[in-house]
Amino acid sequence: MTIYVTVETCLGIVAEVRGFIRKESARASERKWLKETNIKNKADRQAKADGGMEFMVFEAELKP
């Protein structure tokens with residue numbers, strides 16, 4: 001089974017990890033983070049990343 005994992009980091013430290021069954025739910029979580037952090041474009045996102053704040057979405061296989 002494939003799941004979608006979101007990882008939020010701050011200064012290289014994992015701040016929050018969440019798992020989702022649906023890709024759309026993970027992307028909705030990412031959109032919420034973008035809005036909360038006032039990121040409107042790629043330049044804003046890169047500036048946050050340069051400051052150590054990132055949000056990533058990964059696809060992973062859920063194992064029993």
# chains A, B, ... in the order shown; residues from 1 in each chain; ligands from 1
$ select_by_dssp --residues "chain A" --states "helix (DSSP H, G or I)" --output "ChimeraX atom specification"
/A:23-36,42-50
$ residues_around --residues "A:Ile21" --least-positions-apart "5" --cutoff "9 Å" --atoms "only C-alpha atoms" --output "NGL selection string"
:A and (1-5 or 26)
$ write_last_selection --atoms "all heavy atoms" --output "PDB file, in the first residue's frame"
ATOM      1  N   MET A   1       0.846  -1.179   0.000  1.00  0.00           N
ATOM      2  CA  MET A   1       0.000   0.000   0.000  1.00  0.00           C
ATOM      3  C   MET A   1       0.892   1.244   0.000  1.00  0.00           C
ATOM      4  O   MET A   1       1.839   1.330   0.770  1.00  0.00           O
ATOM      5  CB  MET A   1      -0.909   0.000   1.222  1.00  0.00           C
ATOM      6  CG  MET A   1      -1.689   1.263   1.401  1.00  0.00           C
ATOM      7  SD  MET A   1      -2.619   1.227   2.944  1.00  0.00           S
ATOM      8  CE  MET A   1      -4.020   2.144   2.457  1.00  0.00           C
ATOM      9  N   THR A   2       0.575   2.175  -0.857  1.00  0.00           N
ATOM     10  CA  THR A   2       1.318   3.428  -0.931  1.00  0.00           C
ATOM     11  C   THR A   2       0.684   4.455  -0.005  1.00  0.00           C
ATOM     12  O   THR A   2      -0.540   4.604   0.016  1.00  0.00           O
ATOM     13  CB  THR A   2       1.328   3.965  -2.376  1.00  0.00           C
ATOM     14  OG1 THR A   2       1.939   2.991  -3.212  1.00  0.00           O
ATOM     15  CG2 THR A   2       2.079   5.262  -2.474  1.00  0.00           C
ATOM     16  N   ILE A   3       1.522   5.154   0.752  1.00  0.00           N
ATOM     17  CA  ILE A   3       1.058   6.269   1.577  1.00  0.00           C
ATOM     18  C   ILE A   3       1.875   7.502   1.206  1.00  0.00           C
ATOM     19  O   ILE A   3       2.901   7.399   0.536  1.00  0.00           O
ATOM     20  CB  ILE A   3       1.170   5.981   3.092  1.00  0.00           C
ATOM     21  CG1 ILE A   3       2.631   5.781   3.509  1.00  0.00           C
ATOM     22  CG2 ILE A   3       0.305   4.802   3.479  1.00  0.00           C
ATOM     23  CD1 ILE A   3       2.834   5.796   5.013  1.00  0.00           C
ATOM     24  N   TYR A   4       1.424   8.642   1.661  1.00  0.00           N
ATOM     25  CA  TYR A   4       2.082   9.914   1.384  1.00  0.00           C
ATOM     26  C   TYR A   4       2.453  10.534   2.722  1.00  0.00           C
ATOM     27  O   TYR A   4       1.615  10.662   3.614  1.00  0.00           O
ATOM     28  CB  TYR A   4       1.167  10.815   0.552  1.00  0.00           C
ATOM     29  CG  TYR A   4       0.814  10.119  -0.740  1.00  0.00           C
ATOM     30  CD1 TYR A   4      -0.294   9.284  -0.820  1.00  0.00           C
ATOM     31  CD2 TYR A   4       1.640  10.225  -1.843  1.00  0.00           C
ATOM     32  CE1 TYR A   4      -0.585   8.588  -1.988  1.00  0.00           C
ATOM     33  CE2 TYR A   4       1.360   9.534  -3.014  1.00  0.00           C
ATOM     34  CZ  TYR A   4       0.248   8.724  -3.077  1.00  0.00           C
ATOM     35  OH  TYR A   4      -0.030   8.020  -4.222  1.00  0.00           O
ATOM     36  N   VAL A   5       3.706  10.879   2.854  1.00  0.00           N
ATOM     37  CA  VAL A   5       4.243  11.366   4.117  1.00  0.00           C
ATOM     38  C   VAL A   5       4.684  12.819   3.944  1.00  0.00           C
ATOM     39  O   VAL A   5       5.405  13.150   3.002  1.00  0.00           O
ATOM     40  CB  VAL A   5       5.446  10.503   4.564  1.00  0.00           C
ATOM     41  CG1 VAL A   5       6.019  11.006   5.873  1.00  0.00           C
ATOM     42  CG2 VAL A   5       5.043   9.039   4.661  1.00  0.00           C
ATOM     43  N   ALA A  26      -2.303  14.892   1.409  1.00  0.00           N
ATOM     44  CA  ALA A  26      -0.942  15.376   1.675  1.00  0.00           C
ATOM     45  C   ALA A  26      -0.720  16.719   1.000  1.00  0.00           C
ATOM     46  O   ALA A  26      -0.134  17.631   1.597  1.00  0.00           O
ATOM     47  CB  ALA A  26       0.083  14.355   1.192  1.00  0.00           C
TER      48      ALA A  26
END
$ closest_residue --among "A:Pro64, A:Thr6, A:Leu34, A:Arg45" --to "A:Phe20" --atoms "only C-alpha atoms"
A:Thr6
$ closest_residue --among "A:Ala43, A:Asn38, A:Lys63, A:Val57" --to "A:Ser25" --atoms "only C-alpha atoms"
A:Val57
$ atom_distance --atom1 "atom CA of A:Lys35" --atom2 "atom CA of A:Glu59"
22.4 Å
$ residues_around --residues "A:Ala49" --least-positions-apart "2" --cutoff "12 Å" --atoms "only C-alpha atoms" --output "list in words"
Glu8, Thr9, Cys10, Leu11, Gly12, Thr37, Ile39, Lys42, Ala43, Asp44, Arg45, Gln46, Ala47, Gly51, Gly52, Met53, Glu54, Phe55 and Met56 of chain A
$ closest_residue --among "A:Glu61, A:Val14, A:Gly19, A:Trp33" --to "A:Lys48" --atoms "only C-alpha atoms"
A:Trp33
$ closest_residue --among "A:Ser29, A:Asp50, A:Lys23, A:Glu36" --to "A:Val7" --atoms "only C-alpha atoms"
A:Ser29
